[in-house]
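Okay, work25.txt now, which holds compact mmCIF, C-alpha atoms:
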```
# COMPACT_ATOMS: atom_id res chain seq x y z
CA MET B 1 2.71 -2.08 27.07
CA ASN B 2 0.11 -1.63 29.79
CA GLY B 3 -3.51 -0.73 29.34
CA ASP B 4 -3.12 2.94 30.37
CA THR B 5 -0.34 3.43 27.83
CA MET B 6 -2.42 1.80 25.09
CA VAL B 7 -5.39 4.02 25.88
CA PHE B 8 -3.15 7.10 25.91
CA THR B 9 -1.60 6.13 22.57
CA ILE B 10 -5.00 5.77 20.89
CA PHE B 11 -6.19 8.99 22.55
CA ILE B 12 -3.23 11.08 21.44
CA ILE B 13 -3.38 9.76 17.87
CA PHE B 14 -7.09 10.35 17.31
CA ALA B 15 -7.39 13.56 19.32
CA GLY B 16 -4.41 14.96 17.43
CA ALA B 17 -5.73 13.64 14.10
CA ALA B 18 -9.12 15.28 14.75
CA LEU B 19 -7.45 18.60 15.54
CA LEU B 20 -5.10 18.61 12.54
CA SER B 21 -7.80 17.26 10.22
CA THR B 22 -10.07 20.16 11.19
CA LEU B 23 -7.26 22.58 10.40
CA ALA B 24 -6.55 20.73 7.13
CA LEU B 25 -10.19 20.96 6.02
CA TYR B 26 -10.38 24.68 6.77
CA THR B 27 -7.17 25.26 4.76
CA ARG B 28 -8.23 22.86 1.97
CA GLN B 29 -5.43 20.38 2.60
CA SER B 30 -5.34 16.57 2.29
CA LEU B 31 -6.28 14.60 5.40
CA LEU B 32 -3.53 12.10 4.68
CA VAL B 33 -0.96 14.89 5.03
CA ALA B 34 -2.47 15.77 8.40
CA TYR B 35 -1.96 12.20 9.63
CA LEU B 36 1.66 12.13 8.40
CA LEU B 37 2.41 15.52 9.97
CA LEU B 38 0.88 14.44 13.26
CA GLY B 39 3.19 11.42 13.39
CA ALA B 40 6.24 13.59 12.75
CA LEU B 41 5.16 16.12 15.41
CA ILE B 42 4.33 13.84 18.33
CA GLY B 43 6.38 10.73 17.49
CA PRO B 44 9.79 9.72 18.83
CA TRP B 45 11.62 12.27 16.63
CA GLY B 46 9.24 15.12 17.45
CA PHE B 47 7.73 16.04 20.82
CA ARG B 48 7.98 12.39 21.95
CA PHE B 49 4.40 11.94 23.16
CA ILE B 50 4.81 8.45 21.70
CA ASN B 51 8.30 7.01 22.05
CA ASP B 52 7.92 3.60 20.42
CA PRO B 53 6.09 3.55 17.07
CA THR B 54 6.39 -0.24 16.68
CA MET B 55 3.02 -1.09 18.18
CA VAL B 56 1.40 1.74 16.24
CA SER B 57 2.97 0.52 12.99
CA GLN B 58 1.74 -3.02 13.55
CA ALA B 59 -1.79 -1.78 14.17
CA GLY B 60 -1.59 0.34 11.02
CA ASP B 61 -0.63 -2.70 8.97
CA ILE B 62 -4.01 -4.20 9.82
CA GLY B 63 -5.62 -1.28 8.02
CA ILE B 64 -3.74 -2.21 4.86
CA LEU B 65 -5.08 -5.76 5.09
CA PHE B 66 -8.68 -4.62 5.48
CA LEU B 67 -8.28 -2.14 2.62
CA LEU B 68 -7.09 -4.85 0.24
CA PHE B 69 -9.78 -7.26 1.45
CA LEU B 70 -12.45 -4.66 0.65
CA LEU B 71 -10.92 -3.97 -2.74
CA GLY B 72 -11.02 -7.66 -3.56
CA LEU B 73 -14.71 -7.73 -2.66
CA HIS B 74 -15.43 -5.27 -5.49
CA LEU B 75 -13.54 -7.11 -8.23
CA GLN B 76 -14.91 -10.01 -10.22
CA PRO B 77 -12.13 -12.63 -10.64
CA GLN B 78 -12.58 -13.02 -14.41
CA ASN B 79 -12.21 -9.30 -15.03
CA LEU B 80 -9.13 -9.16 -12.84
CA PHE B 81 -7.37 -12.09 -14.57
CA ASN B 82 -8.02 -10.51 -17.96
CA MET B 83 -6.50 -7.24 -16.77
CA LEU B 84 -3.45 -8.97 -15.27
CA ARG B 85 -2.53 -10.33 -18.69
CA GLU B 86 -2.68 -6.81 -20.10
CA VAL B 87 -0.68 -5.02 -17.39
CA THR B 88 2.10 -7.57 -16.76
CA PRO B 89 4.47 -6.05 -19.37
CA ILE B 90 3.53 -2.55 -18.16
CA ALA B 91 4.44 -3.37 -14.56
CA LEU B 92 7.71 -4.99 -15.60
CA VAL B 93 8.83 -2.16 -17.92
CA SER B 94 7.94 0.59 -15.44
CA SER B 95 9.72 -1.26 -12.62
CA VAL B 96 12.92 -1.55 -14.66
CA VAL B 97 12.85 2.12 -15.72
CA PHE B 98 12.44 3.52 -12.22
CA ALA B 99 14.89 1.05 -10.71
CA ALA B 100 17.47 2.36 -13.18
CA ALA B 101 16.61 5.95 -12.23
CA GLY B 102 17.03 5.20 -8.53
CA ILE B 103 20.35 3.45 -9.11
CA GLY B 104 21.60 6.41 -11.13
CA ILE B 105 20.66 8.94 -8.45
CA GLY B 106 22.26 6.79 -5.74
CA LEU B 107 25.55 6.54 -7.62
CA LEU B 108 25.47 10.26 -8.48
CA PHE B 109 25.32 11.19 -4.80
CA GLY B 110 28.12 8.87 -3.73
CA TYR B 111 26.28 5.81 -2.44
CA THR B 112 27.83 2.39 -2.99
CA TRP B 113 26.62 0.04 -5.72
CA SER B 114 24.76 -2.15 -3.25
CA GLU B 115 23.09 0.87 -1.64
CA SER B 116 22.24 2.34 -5.04
CA ILE B 117 20.65 -0.94 -6.15
CA ILE B 118 18.48 -0.98 -3.02
CA ILE B 119 17.53 2.67 -3.64
CA GLY B 120 16.59 1.75 -7.21
CA VAL B 121 14.58 -1.25 -6.10
CA ALA B 122 12.67 0.90 -3.61
CA MET B 123 11.62 3.27 -6.40
CA MET B 124 10.08 0.50 -8.54
CA PHE B 125 6.70 0.45 -6.85
CA SER B 126 3.66 2.70 -6.45
CA SER B 127 1.69 2.93 -3.22
CA THR B 128 -1.22 0.56 -2.86
CA ILE B 129 -2.44 2.61 0.09
CA ILE B 130 -2.25 6.08 -1.47
CA GLY B 131 -3.54 4.83 -4.81
CA LEU B 132 -6.51 2.92 -3.46
CA LYS B 133 -7.33 4.96 -0.37
CA LEU B 134 -7.95 7.90 -2.72
CA LEU B 135 -9.92 5.82 -5.22
CA PRO B 136 -13.69 5.91 -4.60
CA THR B 137 -15.41 2.57 -4.25
CA THR B 138 -17.88 3.67 -6.94
CA ILE B 139 -15.03 4.11 -9.43
CA LEU B 140 -13.49 0.81 -8.43
CA HIS B 141 -16.78 -1.00 -8.80
CA HIS B 142 -18.26 0.68 -11.88
CA GLN B 143 -15.38 1.95 -13.95
CA HIS B 144 -12.43 0.53 -15.77
CA THR B 145 -9.98 2.84 -13.97
CA GLY B 146 -10.13 0.81 -10.77
CA GLU B 147 -9.54 -2.48 -12.55
CA VAL B 148 -6.45 -1.13 -14.30
CA MET B 149 -5.03 0.31 -11.07
CA ILE B 150 -5.53 -2.77 -8.94
CA SER B 151 -4.06 -4.97 -11.67
CA VAL B 152 -0.89 -2.86 -11.91
CA LEU B 153 -0.56 -2.73 -8.14
CA LEU B 154 -1.09 -6.46 -7.77
CA MET B 155 1.65 -7.18 -10.30
CA GLN B 156 3.93 -4.79 -8.44
CA ASP B 157 3.14 -6.64 -5.21
CA LEU B 158 4.28 -9.89 -6.82
CA ILE B 159 7.48 -8.19 -8.00
CA ALA B 160 7.96 -6.81 -4.49
CA ILE B 161 7.73 -10.31 -3.04
CA ALA B 162 10.52 -11.40 -5.37
CA VAL B 163 12.58 -8.38 -4.30
CA LEU B 164 12.10 -9.07 -0.60
CA LEU B 165 13.05 -12.69 -1.23
CA GLY B 166 16.18 -11.44 -3.00
CA ILE B 167 17.08 -9.30 0.02
CA GLN B 168 16.69 -12.36 2.20
CA VAL B 169 18.92 -14.37 -0.14
CA ALA B 170 21.56 -11.62 -0.10
CA SER B 171 21.55 -11.40 3.69
CA ASP B 172 21.37 -15.14 4.42
CA GLY B 173 23.77 -16.25 1.70
CA GLY B 174 21.09 -18.17 -0.19
CA LEU B 175 17.89 -20.16 0.23
CA ALA B 176 17.21 -23.84 -0.21
CA TRP B 177 15.60 -24.85 -3.51
CA TYR B 178 12.51 -26.10 -1.74
CA GLN B 179 12.00 -22.64 -0.20
CA ILE B 180 12.21 -20.94 -3.59
CA GLY B 181 9.88 -23.54 -5.09
CA LEU B 182 7.37 -22.96 -2.30
CA VAL B 183 7.24 -19.25 -3.03
CA VAL B 184 6.74 -19.87 -6.78
CA LEU B 185 3.89 -22.31 -6.19
CA SER B 186 2.31 -20.53 -3.28
CA VAL B 187 0.08 -18.12 -5.28
CA PRO B 188 -1.78 -20.82 -7.27
CA ILE B 189 -2.01 -22.98 -4.14
CA LEU B 190 -3.46 -20.07 -2.19
CA LEU B 191 -6.01 -19.41 -4.94
CA VAL B 192 -7.11 -23.05 -4.96
CA VAL B 193 -7.45 -23.14 -1.17
CA ALA B 194 -9.46 -19.92 -1.20
CA TYR B 195 -11.79 -21.25 -3.91
CA LEU B 196 -12.43 -24.56 -2.17
CA VAL B 197 -13.03 -23.07 1.29
CA GLN B 198 -15.33 -20.31 0.08
CA ARG B 199 -17.36 -22.65 -2.13
CA TYR B 200 -17.82 -25.57 0.26
CA VAL B 201 -17.69 -23.87 3.66
CA LEU B 202 -17.77 -20.08 3.73
CA ILE B 203 -20.62 -19.34 1.32
CA LYS B 204 -22.80 -22.03 2.90
CA LEU B 205 -22.31 -20.51 6.35
CA ILE B 206 -22.97 -16.99 5.08
CA THR B 207 -26.11 -18.11 3.24
CA ARG B 208 -27.46 -19.95 6.28
CA PHE B 209 -26.86 -17.14 8.78
CA ASP B 210 -27.00 -14.05 6.54
CA LYS B 211 -29.64 -12.37 8.71
CA ILE B 212 -27.35 -12.32 11.75
CA ARG B 213 -25.22 -9.29 10.94
CA GLU B 214 -22.85 -9.70 13.85
CA TYR B 215 -21.99 -13.20 12.65
CA ILE B 216 -21.34 -12.00 9.08
CA PHE B 217 -19.09 -9.27 10.46
CA LEU B 218 -17.10 -11.78 12.54
CA ILE B 219 -16.76 -14.45 9.87
CA SER B 220 -15.65 -11.85 7.33
CA ILE B 221 -12.84 -10.63 9.57
CA ALA B 222 -11.87 -14.21 10.42
CA TRP B 223 -11.72 -15.14 6.72
CA CYS B 224 -9.61 -12.12 5.84
CA LEU B 225 -7.10 -12.67 8.64
CA SER B 226 -6.98 -16.45 8.09
CA MET B 227 -5.95 -15.96 4.47
CA THR B 228 -3.35 -13.34 5.42
CA GLU B 229 -1.81 -15.72 7.92
CA LEU B 230 -1.83 -18.59 5.41
CA ALA B 231 -0.14 -16.32 2.85
CA ARG B 232 2.54 -15.37 5.37
CA VAL B 233 3.24 -19.01 6.23
CA MET B 234 3.60 -19.79 2.51
CA GLY B 235 6.16 -17.03 2.01
CA LEU B 236 3.83 -14.47 0.40
CA SER B 237 2.94 -11.02 1.64
CA GLU B 238 -0.03 -10.80 3.98
CA GLU B 239 -1.51 -8.16 1.67
CA ILE B 240 -1.88 -10.68 -1.16
CA GLY B 241 -3.64 -13.09 1.20
CA ALA B 242 -6.13 -10.40 2.19
CA PHE B 243 -6.77 -9.45 -1.44
CA ILE B 244 -7.35 -13.07 -2.48
CA ALA B 245 -9.73 -13.48 0.48
CA GLY B 246 -11.82 -10.60 -0.86
CA ILE B 247 -11.81 -11.78 -4.48
CA SER B 248 -12.90 -15.27 -3.43
CA ILE B 249 -16.28 -14.01 -2.16
CA ALA B 250 -16.73 -11.08 -4.58
CA ALA B 251 -19.42 -12.98 -6.49
CA SER B 252 -21.51 -13.49 -3.35
CA PRO B 253 -24.61 -11.27 -3.11
CA ILE B 254 -23.58 -10.33 0.42
CA SER B 255 -20.16 -8.99 -0.58
CA LEU B 256 -21.43 -5.40 -0.83
CA TYR B 257 -22.85 -5.58 2.69
CA ILE B 258 -19.56 -6.93 4.01
CA ALA B 259 -17.68 -4.11 2.28
CA GLU B 260 -19.90 -1.45 3.83
CA SER B 261 -19.76 -2.93 7.33
CA LEU B 262 -15.94 -3.10 7.38
CA LYS B 263 -15.27 0.44 6.09
CA PRO B 264 -15.19 2.09 9.56
CA LEU B 265 -12.77 -0.56 10.82
CA ARG B 266 -10.55 -0.03 7.79
CA ASP B 267 -10.49 3.74 8.28
CA PHE B 268 -9.63 3.40 11.98
CA PHE B 269 -6.50 1.40 11.24
CA LEU B 270 -5.50 3.46 8.21
CA VAL B 271 -5.33 6.61 10.34
CA ILE B 272 -2.88 4.73 12.56
CA PHE B 273 -0.94 3.55 9.49
CA PHE B 274 -0.28 7.03 8.15
CA PHE B 275 0.52 8.29 11.63
CA SER B 276 3.11 5.53 12.02
CA ILE B 277 4.81 6.52 8.74
CA GLY B 278 5.23 10.09 9.94
CA ALA B 279 6.37 8.93 13.39
CA SER B 280 9.06 6.64 12.00
CA PHE B 281 10.99 9.35 10.15
CA ASN B 282 14.04 10.82 11.91
CA LEU B 283 13.99 14.53 11.10
CA ARG B 284 17.67 14.90 12.00
CA TYR B 285 18.62 13.15 8.75
CA VAL B 286 16.66 15.58 6.55
CA PRO B 287 19.54 18.02 5.78
CA SER B 288 21.85 15.22 4.61
CA VAL B 289 19.37 13.53 2.27
CA ILE B 290 16.97 16.27 1.21
CA ILE B 291 18.56 17.02 -2.18
CA PRO B 292 18.73 13.43 -3.55
CA ALA B 293 15.36 12.69 -1.92
CA ALA B 294 13.79 15.69 -3.64
CA ILE B 295 15.24 14.64 -7.01
CA LEU B 296 13.92 11.10 -6.59
CA ALA B 297 10.53 12.48 -5.56
CA VAL B 298 10.33 14.71 -8.63
CA ILE B 299 11.19 11.76 -10.87
CA MET B 300 8.39 9.71 -9.29
CA LEU B 301 5.83 12.53 -9.39
CA VAL B 302 6.56 13.77 -12.91
CA PHE B 303 7.76 10.79 -14.92
CA LYS B 304 5.65 7.97 -13.46
CA PRO B 305 2.39 9.46 -14.80
CA ILE B 306 4.03 10.09 -18.19
CA LEU B 307 5.44 6.57 -18.45
CA PHE B 308 2.24 4.86 -17.28
CA ARG B 309 0.21 6.93 -19.75
CA PHE B 310 2.54 5.95 -22.59
CA LEU B 311 2.56 2.25 -21.69
CA LEU B 312 -1.18 2.03 -21.07
CA THR B 313 -2.14 3.83 -24.27
CA ARG B 314 0.22 1.57 -26.21
CA SER B 315 -1.66 -1.40 -24.75
CA GLY B 316 -4.97 0.02 -25.98
CA GLU B 317 -6.27 1.96 -22.97
CA ASN B 318 -8.19 5.20 -23.31
CA LYS B 319 -5.90 8.25 -22.95
CA ALA B 320 -7.96 9.81 -20.17
CA VAL B 321 -7.99 6.58 -18.17
CA ALA B 322 -4.28 6.05 -18.79
CA TRP B 323 -3.37 9.53 -17.58
CA GLU B 324 -5.57 9.31 -14.46
CA VAL B 325 -4.09 5.93 -13.55
CA GLY B 326 -0.60 7.37 -14.04
CA VAL B 327 -1.27 10.35 -11.77
CA ARG B 328 -2.85 8.15 -9.10
CA LEU B 329 0.20 5.85 -9.20
CA GLY B 330 2.74 8.68 -9.32
CA GLN B 331 4.50 8.07 -6.00
CA ALA B 332 6.76 5.63 -4.21
CA SER B 333 5.30 2.82 -2.10
CA GLU B 334 4.92 1.52 1.41
CA PHE B 335 6.99 -1.37 0.01
CA SER B 336 9.78 1.21 -0.41
CA LEU B 337 9.72 1.79 3.34
CA LEU B 338 9.76 -1.95 3.97
CA VAL B 339 12.69 -2.45 1.58
CA ALA B 340 14.61 0.32 3.38
CA TYR B 341 13.87 -1.21 6.78
CA LEU B 342 14.84 -4.76 5.82
CA ALA B 343 17.97 -3.72 3.92
CA LEU B 344 19.15 -1.63 6.87
CA GLY B 345 18.46 -4.48 9.28
CA THR B 346 20.52 -6.89 7.17
CA ALA B 347 23.38 -4.35 6.74
CA LEU B 348 22.95 -4.12 2.95
CA ILE B 349 22.66 -0.33 3.26
CA GLY B 350 23.65 2.32 5.78
CA LYS B 351 21.39 4.69 7.71
CA SER B 352 21.85 7.52 5.22
CA ALA B 353 20.59 5.41 2.29
CA SER B 354 17.70 4.13 4.41
CA PHE B 355 16.57 7.63 5.34
CA LEU B 356 17.00 8.78 1.73
CA ILE B 357 14.46 6.16 0.67
CA GLN B 358 12.13 7.12 3.52
CA ALA B 359 12.37 10.85 2.77
CA ALA B 360 11.72 10.40 -0.96
CA THR B 361 8.77 8.11 -0.22
CA ILE B 362 7.15 10.47 2.28
CA ILE B 363 7.61 13.48 -0.04
CA THR B 364 5.85 11.59 -2.83
CA PHE B 365 3.08 10.48 -0.46
CA ILE B 366 2.36 14.11 0.47
CA ALA B 367 2.69 15.62 -3.01
CA SER B 368 0.81 12.82 -4.77
CA SER B 369 -2.05 13.07 -2.26
CA TYR B 370 -2.38 16.77 -3.05
CA LEU B 371 -2.37 16.19 -6.81
CA VAL B 372 -5.02 13.47 -6.68
CA VAL B 373 -7.27 15.16 -4.12
CA MET B 374 -7.30 18.44 -6.06
CA ARG B 375 -7.85 16.92 -9.53
CA TYR B 376 -9.80 13.67 -9.28
CA PRO B 377 -12.75 12.18 -7.37
CA THR B 378 -11.70 10.88 -3.93
CA PRO B 379 -13.47 10.05 -0.65
CA VAL B 380 -11.51 12.86 1.10
CA ALA B 381 -11.85 15.61 -1.53
CA ILE B 382 -12.35 19.14 -0.26
CA SER B 383 -14.62 20.02 -3.18
CA ASP B 384 -18.17 18.65 -3.11
CA ARG B 385 -17.88 18.15 -6.87
CA LEU B 386 -14.98 15.71 -6.49
CA ARG B 387 -15.99 13.94 -3.28
CA ARG B 388 -16.97 10.32 -3.95
CA ASP B 389 -17.03 7.48 -1.43
```
What do you get writing this file as structure tokens?
Amino acid sequence: MNGDTMVFTIFIIFAGAALLSTLALYTRQSLLVAYLLLGALIGPWGFRFINDPTMVSQAGDIGILFLLFLLGLHLQPQNLFNMLREVTPIALVSSVVFAAAGIGIGLLFGYTWSESIIIGVAMMFSSTIIGLKLLPTTILHHQHTGEVMISVLLMQDLIAIAVLLGIQVASDGGLAWYQIGLVVLSVPILLVVAYLVQRYVLIKLITRFDKIREYIFLISIAWCLSMTELARVMGLSEEIGAFIAGISIAASPISLYIAESLKPLRDFFLVIFFFSIGASFNLRYVPSVIIPAAILAVIMLVFKPILFRFLLTRSGENKAVAWEVGVRLGQASEFSLLVAYLALGTALIGKSASFLIQAATIITFIASSYLVVMRYPTPVAISDRLRRD
């Protein structure tokens, strides 16, 4: 891709996003919906201003990494580990329930067992991006709601890694024992590496040169991306590497400055991420999958909040917190899109099942964004009363 094409791609995305966002604000709509709609309108299945969304998608993935890095910066490790113990059964039970629902819907509409299982697996997770993009930093830092949400989402990420590994096993015919062992051991190894590097190298460098803001900006990005690459090499998701990178320096006095300085960079790439989701969906498949997709979306939007509220209150959480967490997690996930893409690429499912997963996921992204933006504090709220950064 040449330079002119790259410049045009960035221009068309942000000029279009500015135009649709202005319209969305005047009509009291969610900005995230504007980004998704823009992708559908000018992507390869719309007016074709951008024919290949691959580069755009890869750039958008960087936004996810920065988002999780910043979230890690606001969480003290001890608090997070305590919460993980509490939410592990909640994440497991909710994953099983919604996997069963997805399998049932798949079978009801004539998909094969293997396709129905993949559909069910794709419905297990909630969106890290929707959930946390709409969660104010102040809530994440000062209130229990953020700790509960990130703990549930982190456990779901670990389950998602196991699922993606299972897809690889199913497509390759199996993995060597040493590969499976590496994945199992990789999380504690990554935590130890992060602890040692931040304590004996990173914090000393930051302390020595903390007055040179450009250097802090650069070393923060380098640390985040180094941990994501190490996580990928070890068989984990890059998102977990970025999150661990943030947690490892959360106790540093400079963590809040790092978080503030990286916010504009995060937002730049997240606009591209949501655009790429809209651009990747083939509108020609909508008539054939809209009914099962709508049913799956309703199940996610209605029953996920109810189930999460029930499970969280049973574990001792406040009812108000439990319900808010449930509503904020009441959608499918970007992992759902990844599962659909990988399963289609390995011939475990057909195109119809893949686009069913994509349609259900995008519907829940849009509807869930509306529900959260209109009811709870978010950085992109239309109401001044609910707007919190």
Among the residues B:Gly106, B:Leu134, B:Phe209, B:Leu301, the one that comes closest to Arg375 (chain B) [using only C-alpha atoms]: B:Leu134
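For the set B:Ile258, B:Met374, B:Ala293, B:Leu153, the residue with the smallest atom-to-atom gap to Asp210 (chain B) is B:Ile258, counting only C-alpha atoms.
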Region 334-340 of chain B surroundings by only C-alpha atoms, 9 Å radius, close-in-sequence under 3 positions cut, as JSON, numbers by chain: {"B": [118, 119, 121, 122, 123, 124, 125, 126, 127, 128, 129, 130, 157, 160, 163, 164, 167, 277, 343, 344, 345, 349, 353, 354, 355, 356, 357, 358, 361]}
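One distance worth recording is that between CA of Gly63 (chain B) and CA of Leu265 (chain B), which is 7.7 Å.
Going from CA of Gly235 (chain B) over to CA of Ala162 (chain B), you cover 10.3 Å.
For Val271 (chain B), the list of residues within 9 Å, based on all atoms listed in the file and with local chain neighbours fewer than 3 positions off taken out, reads Ile13, Phe14, Ala17, Leu32, Tyr35, Gly60, Gly63, Arg266, Asp267, Phe268, Phe274, Phe275 and Ser276 of chain B.
Around the point (-13.3, -18.3, -5.9), within 10 Å and counting all atoms listed in the file, we find these residues: Gln76, Pro77, Leu191, Val192, Val193, Ala194, Tyr195, Leu196, Val197, Gln198, Arg199, Ile244, Ala245, Gly246, Ile247, Ser248, Ile249, Ala250, Ala251 and Ser252 of chain B.
Taking only C-alpha atoms into account, the polymer residues that have an atom no farther than 9 Å from (-2.1, -8.9, -5.3) are Leu68, Ile150, Ser151, Leu153, Leu154, Met155, Gln156, Asp157, Leu158, Ser237, Glu239, Ile240, Gly241, Ala242, Phe243 and Ile244 of chain B.
Counting all atoms listed in the file and comparing B:Ile221, B:Ala359, B:Ile306, B:Ile272, the residue that lies closest to Ile10 (chain B) is B:Ile272.
In this structure, CA of Phe66 (chain B) sits 8.6 Å away from CA of Phe269 (chain B).
Distances from B:Ala259, B:Leu41, B:Val33, B:Val7 to Leu283 (chain B) were compared using only C-alpha atoms, and the smallest one belongs to B:Leu41.
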Nearby residues (all atoms listed in the file) at most 12 Å from Ala222 (chain B), same-chain spacing under 3 positions excluded, as a ChimeraX atom specification: /B:66,69,202,215-219,225-229,242,245-246
I'd like the contact shell of region 315-328 of chain B - 7 Å cut-off, all atoms listed in the file, skipping same-chain residues fewer than 2 positions apart - returned as a PDB file with C-alpha atoms, keeping the file's coordinate frame.
```pdb
ATOM      1  CA  GLY B 131      -3.540   4.830  -4.810  1.00  0.00           C
ATOM      2  CA  THR B 145      -9.980   2.840 -13.970  1.00  0.00           C
ATOM      3  CA  MET B 149      -5.030   0.310 -11.070  1.00  0.00           C
ATOM      4  CA  LYS B 304       5.650   7.970 -13.460  1.00  0.00           C
ATOM      5  CA  PRO B 305       2.390   9.460 -14.800  1.00  0.00           C
ATOM      6  CA  ILE B 306       4.030  10.090 -18.190  1.00  0.00           C
ATOM      7  CA  PHE B 308       2.240   4.860 -17.280  1.00  0.00           C
ATOM      8  CA  ARG B 309       0.210   6.930 -19.750  1.00  0.00           C
ATOM      9  CA  LEU B 311       2.560   2.250 -21.690  1.00  0.00           C
ATOM     10  CA  LEU B 312      -1.180   2.030 -21.070  1.00  0.00           C
ATOM     11  CA  THR B 313      -2.140   3.830 -24.270  1.00  0.00           C
ATOM     12  CA  GLY B 330       2.740   8.680  -9.320  1.00  0.00           C
ATOM     13  CA  VAL B 372      -5.020  13.470  -6.680  1.00  0.00           C
TER      14      VAL B 372
END
```
Please provide the set of residues having any atom within 6 Å of Gly278 (chain B), restricted to only C-alpha atoms, with same-chain residues fewer than 5 positions apart removed, written as a short mmCIF file (atom, residue, chain, number, x, y, z; two decimals) with C-alpha atoms, in the coordinates of the input.
```
data_model
loop_
_atom_site.label_atom_id
_atom_site.label_comp_id
_atom_site.auth_asym_id
_atom_site.auth_seq_id
_atom_site.Cartn_x
_atom_site.Cartn_y
_atom_site.Cartn_z
CA LEU B 36 1.66 12.13 8.40
CA GLY B 39 3.19 11.42 13.39
CA ALA B 40 6.24 13.59 12.75
#
```
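Minimum distance to Ile363 (chain B) across B:Leu348, B:Met300, B:Ala101, B:Leu190 (counting all atoms listed in the file) occurs at B:Met300.
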Could you write region 256-267 of chain B as a PDB file, in the coordinates of the input, with N, CA and C atoms rebuilt where they are missing?
```pdb
ATOM      1  N   LEU B 256     -21.279  -6.836  -0.978  1.00  0.00           N
ATOM      2  CA  LEU B 256     -21.430  -5.400  -0.830  1.00  0.00           C
ATOM      3  C   LEU B 256     -21.749  -5.022   0.611  1.00  0.00           C
ATOM      4  N   TYR B 257     -22.563  -5.850   1.278  1.00  0.00           N
ATOM      5  CA  TYR B 257     -22.850  -5.580   2.690  1.00  0.00           C
ATOM      6  C   TYR B 257     -21.592  -5.712   3.543  1.00  0.00           C
ATOM      7  N   ILE B 258     -20.800  -6.752   3.271  1.00  0.00           N
ATOM      8  CA  ILE B 258     -19.560  -6.930   4.010  1.00  0.00           C
ATOM      9  C   ILE B 258     -18.638  -5.729   3.814  1.00  0.00           C
ATOM     10  N   ALA B 259     -18.543  -5.256   2.576  1.00  0.00           N
ATOM     11  CA  ALA B 259     -17.680  -4.110   2.280  1.00  0.00           C
ATOM     12  C   ALA B 259     -18.113  -2.876   3.059  1.00  0.00           C
ATOM     13  N   GLU B 260     -19.411  -2.624   3.110  1.00  0.00           N
ATOM     14  CA  GLU B 260     -19.900  -1.450   3.830  1.00  0.00           C
ATOM     15  C   GLU B 260     -19.671  -1.573   5.328  1.00  0.00           C
ATOM     16  N   SER B 261     -19.868  -2.755   5.878  1.00  0.00           N
ATOM     17  CA  SER B 261     -19.760  -2.930   7.330  1.00  0.00           C
ATOM     18  C   SER B 261     -18.317  -2.837   7.816  1.00  0.00           C
ATOM     19  N   LEU B 262     -17.345  -3.129   6.955  1.00  0.00           N
ATOM     20  CA  LEU B 262     -15.940  -3.100   7.380  1.00  0.00           C
ATOM     21  C   LEU B 262     -15.253  -1.764   7.112  1.00  0.00           C
ATOM     22  N   LYS B 263     -15.910  -0.848   6.415  1.00  0.00           N
ATOM     23  CA  LYS B 263     -15.270   0.440   6.090  1.00  0.00           C
ATOM     24  C   LYS B 263     -14.822   1.217   7.331  1.00  0.00           C
ATOM     25  N   PRO B 264     -15.658   1.340   8.389  1.00  0.00           N
ATOM     26  CA  PRO B 264     -15.190   2.090   9.560  1.00  0.00           C
ATOM     27  C   PRO B 264     -13.964   1.455  10.219  1.00  0.00           C
ATOM     28  N   LEU B 265     -13.921   0.125  10.239  1.00  0.00           N
ATOM     29  CA  LEU B 265     -12.770  -0.560  10.820  1.00  0.00           C
ATOM     30  C   LEU B 265     -11.515  -0.303   9.994  1.00  0.00           C
ATOM     31  N   ARG B 266     -11.668  -0.335   8.671  1.00  0.00           N
ATOM     32  CA  ARG B 266     -10.550  -0.030   7.790  1.00  0.00           C
ATOM     33  C   ARG B 266     -10.021   1.384   8.040  1.00  0.00           C
ATOM     34  N   ASP B 267     -10.918   2.354   8.117  1.00  0.00           N
ATOM     35  CA  ASP B 267     -10.490   3.740   8.280  1.00  0.00           C
ATOM     36  C   ASP B 267      -9.800   3.961   9.629  1.00  0.00           C
TER      37      ASP B 267
END
```
